[in-house]
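A.B. asks: Let me begin by handing over the structure; questions about it come next.
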Amino acid sequence: MFKSLSRFLLPLVMVFTAMNAIADAAINTMDPYAMVKAAANKTFDRFHQDKALIDADADHLKVIVREELMPYVDYKYASYKVLGQYLKDSTEDQRNRFVTAFEGYLISTYAQAFTEYTNQKVEFSPGADFSGEKIVDVNVQIIEAGRPPIKLLFKVRRLKDDSWKAFDLVAEGVSLLSSKQSEISNLIRQQGIDPVIKMLEERTKEKVVKQSKSGK
């Protein structure tokens with residue numbers, strides 16, 4: 001039911017991993033453009049560092065995603081956006097459980113997408129002046145020989161302490177948050193928020209399965 005999310009997340013994983021690794025690179029969360037690039041470097045380094053662990057157990061990819069990617073993703077804000085009109089109707093306990101379940105679901109789906117990474121080239125658009133901005137678009141292209149470039153746009157928001165976190169991915173003009181908000185809103189309307197939380201929790205528990213290059 002949530003399978004369509006991986007269509008958005010594979011490019012995201014590719015961006016965060018397809019950069020040249022720079023050991024001990026600090027993540028400058030005060031600059032949205034620098035943050036995305038530095039997070040990519042750090043994640044790619046960890047991907048290679050833990051290759052033996054990943055080969056032994058693909059679920060280790062969840063550890064990498066949680067430790068290297070999620071600190072730079074505003075999953076709570078994204079969760080609230082996905083809840084949409086049902087946010088105000090939920091209890092505090094339901095909101096907290098939904099945020100936790102949605103974070104776990106993202107981690108699990110990112111990790112699965114990691115298995116399809118094949119060293120694609122990534123091109124970032126130059127940074128711009130963001131001093132007066134609250135939301136910044138970071139434009140990226142995924143380049144793979146013999147295929148048209150994939151155009152991505154990361155939406156990054158300024159937090160109260162002036163640091164930045166990503167909260168949405170727009171792939172070829174389609175917003176991840178908008179698509180998930182529509183899908184999850186329909187499920188909540190039909191089933192209620194608690195069954196949707198349980199569904200997300202079940203998805204989180206699924207094992208990461210390494211795909212062969214043929215996809216079989």
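To be explicit about the labels: the chains of the structure tokens are called A, B, and onward in the order shown, and within each one the residues are counted from 1, while ligands get numbers from 1 in the order they are shown.
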From a DSSP pass on the backbone, collect the residues of chain A flagged as helix (DSSP H, G or I) and hand them back as a count of residues only.

C.D. replies: 114

A.B. asks: At a cut-off of 7 Å, using only C-alpha atoms, what residues contact Leu200 (chain A)? Leave out same-chain residues fewer than 6 positions from it and give the result as a PyMOL selection string.

C.D. replies: chain A and resi 101-102+105

A.B. asks: Put those residues in a file: C-alpha atoms, as a tab-separated table (two decimals), in the first residue's frame.

C.D. replies:
```tsv
chain	number	residue	atom	x	y	z
A	101	ALA	CA	6.04	5.23	13.60
A	102	PHE	CA	6.55	7.52	10.61
A	105	TYR	CA	8.87	3.79	8.40
```

A.B. asks: Give the answer as one residue: which of A:Arg203, A:Lys165, A:Lys198, A:Lys51 has the shortest atom-to-atom distance to Pro71 (chain A), using only C-alpha atoms?

C.D. replies: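 Of A:Arg203, A:Lys165, A:Lys198, A:Lys51, the one nearest Pro71 (chain A) is A:Lys165, counting only C-alpha atoms.
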
A.B. asks: Pick out the closest residue to Glu183 (chain A) from this set: A:Leu83, A:Thr43, A:Lys62, A:Ile54. Count only C-alpha atoms.

C.D. replies: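 Ranking A:Leu83, A:Thr43, A:Lys62, A:Ile54 by distance to Glu183 (chain A), first place goes to A:Leu83.
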
A.B. asks: I'd like the contact shell of Ala78 (chain A) - 9 Å cut-off, only C-alpha atoms, skipping same-chain residues fewer than 4 positions apart - returned as a list in words.

C.D. replies: Val73, Asp74, Val82, Leu83, Val99, Phe102, Phe167, Asp168 and Leu177 of chain A

A.B. asks: I need the chosen residues saved as a PDB file, in the first residue's frame, with all heavy atoms.

C.D. replies:
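Dumped everything to part09.pdb:
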```
ATOM      1  N   VAL A  73      16.984  15.260   8.838  1.00  0.00           N
ATOM      2  CA  VAL A  73      15.623  15.203   8.305  1.00  0.00           C
ATOM      3  C   VAL A  73      14.660  15.586   9.424  1.00  0.00           C
ATOM      4  O   VAL A  73      14.683  15.003  10.511  1.00  0.00           O
ATOM      5  CB  VAL A  73      15.282  13.791   7.783  1.00  0.00           C
ATOM      6  CG1 VAL A  73      13.830  13.722   7.333  1.00  0.00           C
ATOM      7  CG2 VAL A  73      16.225  13.400   6.646  1.00  0.00           C
ATOM      8  N   ASP A  74      13.822  16.566   9.175  1.00  0.00           N
ATOM      9  CA  ASP A  74      12.846  17.013  10.172  1.00  0.00           C
ATOM     10  C   ASP A  74      11.609  16.124  10.062  1.00  0.00           C
ATOM     11  O   ASP A  74      10.558  16.524   9.548  1.00  0.00           O
ATOM     12  CB  ASP A  74      12.492  18.479   9.930  1.00  0.00           C
ATOM     13  CG  ASP A  74      11.756  19.107  11.108  1.00  0.00           C
ATOM     14  OD1 ASP A  74      11.323  18.343  11.997  1.00  0.00           O
ATOM     15  OD2 ASP A  74      11.625  20.340  11.136  1.00  0.00           O
ATOM     16  N   VAL A  82       2.074  15.328   7.003  1.00  0.00           N
ATOM     17  CA  VAL A  82       1.400  14.161   6.446  1.00  0.00           C
ATOM     18  C   VAL A  82       0.051  13.943   7.135  1.00  0.00           C
ATOM     19  O   VAL A  82      -0.940  13.597   6.486  1.00  0.00           O
ATOM     20  CB  VAL A  82       2.298  12.907   6.581  1.00  0.00           C
ATOM     21  CG1 VAL A  82       1.500  11.636   6.340  1.00  0.00           C
ATOM     22  CG2 VAL A  82       3.459  12.981   5.589  1.00  0.00           C
ATOM     23  N   LEU A  83      -0.004  14.161   8.438  1.00  0.00           N
ATOM     24  CA  LEU A  83      -1.279  14.030   9.157  1.00  0.00           C
ATOM     25  C   LEU A  83      -2.307  15.046   8.679  1.00  0.00           C
ATOM     26  O   LEU A  83      -3.504  14.774   8.669  1.00  0.00           O
ATOM     27  CB  LEU A  83      -1.051  14.203  10.659  1.00  0.00           C
ATOM     28  CG  LEU A  83      -0.623  12.970  11.442  1.00  0.00           C
ATOM     29  CD1 LEU A  83      -0.306  13.347  12.883  1.00  0.00           C
ATOM     30  CD2 LEU A  83      -1.698  11.896  11.397  1.00  0.00           C
ATOM     31  N   VAL A  99       4.447  10.087  15.013  1.00  0.00           N
ATOM     32  CA  VAL A  99       5.764  10.614  14.666  1.00  0.00           C
ATOM     33  C   VAL A  99       6.811   9.509  14.756  1.00  0.00           C
ATOM     34  O   VAL A  99       7.649   9.340  13.854  1.00  0.00           O
ATOM     35  CB  VAL A  99       6.154  11.793  15.578  1.00  0.00           C
ATOM     36  CG1 VAL A  99       7.639  12.141  15.403  1.00  0.00           C
ATOM     37  CG2 VAL A  99       5.305  13.015  15.263  1.00  0.00           C
ATOM     38  N   PHE A 102       6.204   6.988  11.920  1.00  0.00           N
ATOM     39  CA  PHE A 102       6.554   7.525  10.608  1.00  0.00           C
ATOM     40  C   PHE A 102       8.073   7.618  10.454  1.00  0.00           C
ATOM     41  O   PHE A 102       8.614   7.341   9.385  1.00  0.00           O
ATOM     42  CB  PHE A 102       5.904   8.894  10.405  1.00  0.00           C
ATOM     43  CG  PHE A 102       5.955   9.381   8.986  1.00  0.00           C
ATOM     44  CD1 PHE A 102       5.175   8.793   8.011  1.00  0.00           C
ATOM     45  CD2 PHE A 102       6.783  10.429   8.620  1.00  0.00           C
ATOM     46  CE1 PHE A 102       5.212   9.229   6.695  1.00  0.00           C
ATOM     47  CE2 PHE A 102       6.830  10.876   7.304  1.00  0.00           C
ATOM     48  CZ  PHE A 102       6.046  10.277   6.341  1.00  0.00           C
ATOM     49  N   PHE A 167      12.818  18.518   4.833  1.00  0.00           N
ATOM     50  CA  PHE A 167      11.508  17.999   5.223  1.00  0.00           C
ATOM     51  C   PHE A 167      10.703  17.455   4.052  1.00  0.00           C
ATOM     52  O   PHE A 167       9.685  16.788   4.253  1.00  0.00           O
ATOM     53  CB  PHE A 167      10.692  19.066   5.950  1.00  0.00           C
ATOM     54  CG  PHE A 167      10.223  20.203   5.075  1.00  0.00           C
ATOM     55  CD1 PHE A 167       8.986  20.152   4.455  1.00  0.00           C
ATOM     56  CD2 PHE A 167      11.023  21.312   4.866  1.00  0.00           C
ATOM     57  CE1 PHE A 167       8.539  21.190   3.651  1.00  0.00           C
ATOM     58  CE2 PHE A 167      10.598  22.355   4.059  1.00  0.00           C
ATOM     59  CZ  PHE A 167       9.356  22.301   3.449  1.00  0.00           C
ATOM     60  N   ASP A 168      11.141  17.693   2.818  1.00  0.00           N
ATOM     61  CA  ASP A 168      10.388  17.171   1.676  1.00  0.00           C
ATOM     62  C   ASP A 168      11.326  16.946   0.507  1.00  0.00           C
ATOM     63  O   ASP A 168      12.366  17.606   0.382  1.00  0.00           O
ATOM     64  CB  ASP A 168       9.278  18.150   1.266  1.00  0.00           C
ATOM     65  CG  ASP A 168       8.282  17.545   0.287  1.00  0.00           C
ATOM     66  OD1 ASP A 168       8.280  16.310   0.115  1.00  0.00           O
ATOM     67  OD2 ASP A 168       7.491  18.312  -0.302  1.00  0.00           O
ATOM     68  N   LEU A 177       5.764  14.604   0.344  1.00  0.00           N
ATOM     69  CA  LEU A 177       4.822  14.906   1.417  1.00  0.00           C
ATOM     70  C   LEU A 177       3.390  14.986   0.910  1.00  0.00           C
ATOM     71  O   LEU A 177       2.473  14.471   1.541  1.00  0.00           O
ATOM     72  CB  LEU A 177       5.199  16.219   2.102  1.00  0.00           C
ATOM     73  CG  LEU A 177       6.318  16.166   3.145  1.00  0.00           C
ATOM     74  CD1 LEU A 177       6.430  17.503   3.860  1.00  0.00           C
ATOM     75  CD2 LEU A 177       6.096  15.061   4.155  1.00  0.00           C
TER      76      LEU A 177
END
```

A.B. asks: If we count only C-alpha atoms, what is near Ser182 (chain A) at a cut-off of 12 Å, once residues fewer than 3 positions away on the same chain are taken out, given as a list of chain:residue names?

C.D. replies: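 So the residues in contact are A:Phe2, A:Lys81, A:Val82, A:Leu83, A:Gly84, A:Gln85, A:Tyr86, A:Ser175, A:Leu176, A:Leu177, A:Ser178, A:Ser179, A:Ser185, A:Asn186, A:Leu187, A:Ile188, A:Arg189.
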
A.B. asks: Can you write out the residues you just picked, keeping C-alpha atoms, as a PDB file, in the first residue's frame?

C.D. replies:
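Final output, selection.pdb:
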```
ATOM      1  CA  PHE A   2       2.920   2.306   0.717  1.00  0.00           C
ATOM      2  CA  LYS A  81       2.360  17.697   7.454  1.00  0.00           C
ATOM      3  CA  VAL A  82       1.400  14.161   6.446  1.00  0.00           C
ATOM      4  CA  LEU A  83      -1.279  14.030   9.157  1.00  0.00           C
ATOM      5  CA  GLY A  84      -2.708  17.226   7.708  1.00  0.00           C
ATOM      6  CA  GLN A  85      -6.269  17.952   8.839  1.00  0.00           C
ATOM      7  CA  TYR A  86      -6.190  14.997  11.237  1.00  0.00           C
ATOM      8  CA  SER A 175       6.137  16.110  -3.743  1.00  0.00           C
ATOM      9  CA  LEU A 176       6.726  13.192  -1.382  1.00  0.00           C
ATOM     10  CA  LEU A 177       4.822  14.906   1.417  1.00  0.00           C
ATOM     11  CA  SER A 178       1.858  15.779  -0.755  1.00  0.00           C
ATOM     12  CA  SER A 179       1.529  12.236  -2.070  1.00  0.00           C
ATOM     13  CA  SER A 185      -5.387  10.922   4.976  1.00  0.00           C
ATOM     14  CA  ASN A 186      -7.528   8.479   3.036  1.00  0.00           C
ATOM     15  CA  LEU A 187      -6.434   5.602   5.270  1.00  0.00           C
ATOM     16  CA  ILE A 188      -7.085   7.574   8.458  1.00  0.00           C
ATOM     17  CA  ARG A 189     -10.526   8.568   7.199  1.00  0.00           C
TER      18      ARG A 189
END
```

A.B. asks: When DSSP is applied to the backbone of this structure, which of region 122-199 of chain A are assigned strand (DSSP E)? Write them out as a ChimeraX atom specification.

C.D. replies: /A:122-124,135-143,150-158,164-171,174-175

A.B. asks: So that I can check the surroundings of region 47-49 of chain A, please list as a VMD selection string every protein, DNA and RNA residue that reaches within 9 Å of it, counting only C-alpha atoms and ignoring chain neighbours fewer than 4 positions away.

C.D. replies: chain A and resid 17 42 to 43 53 to 54 61 64
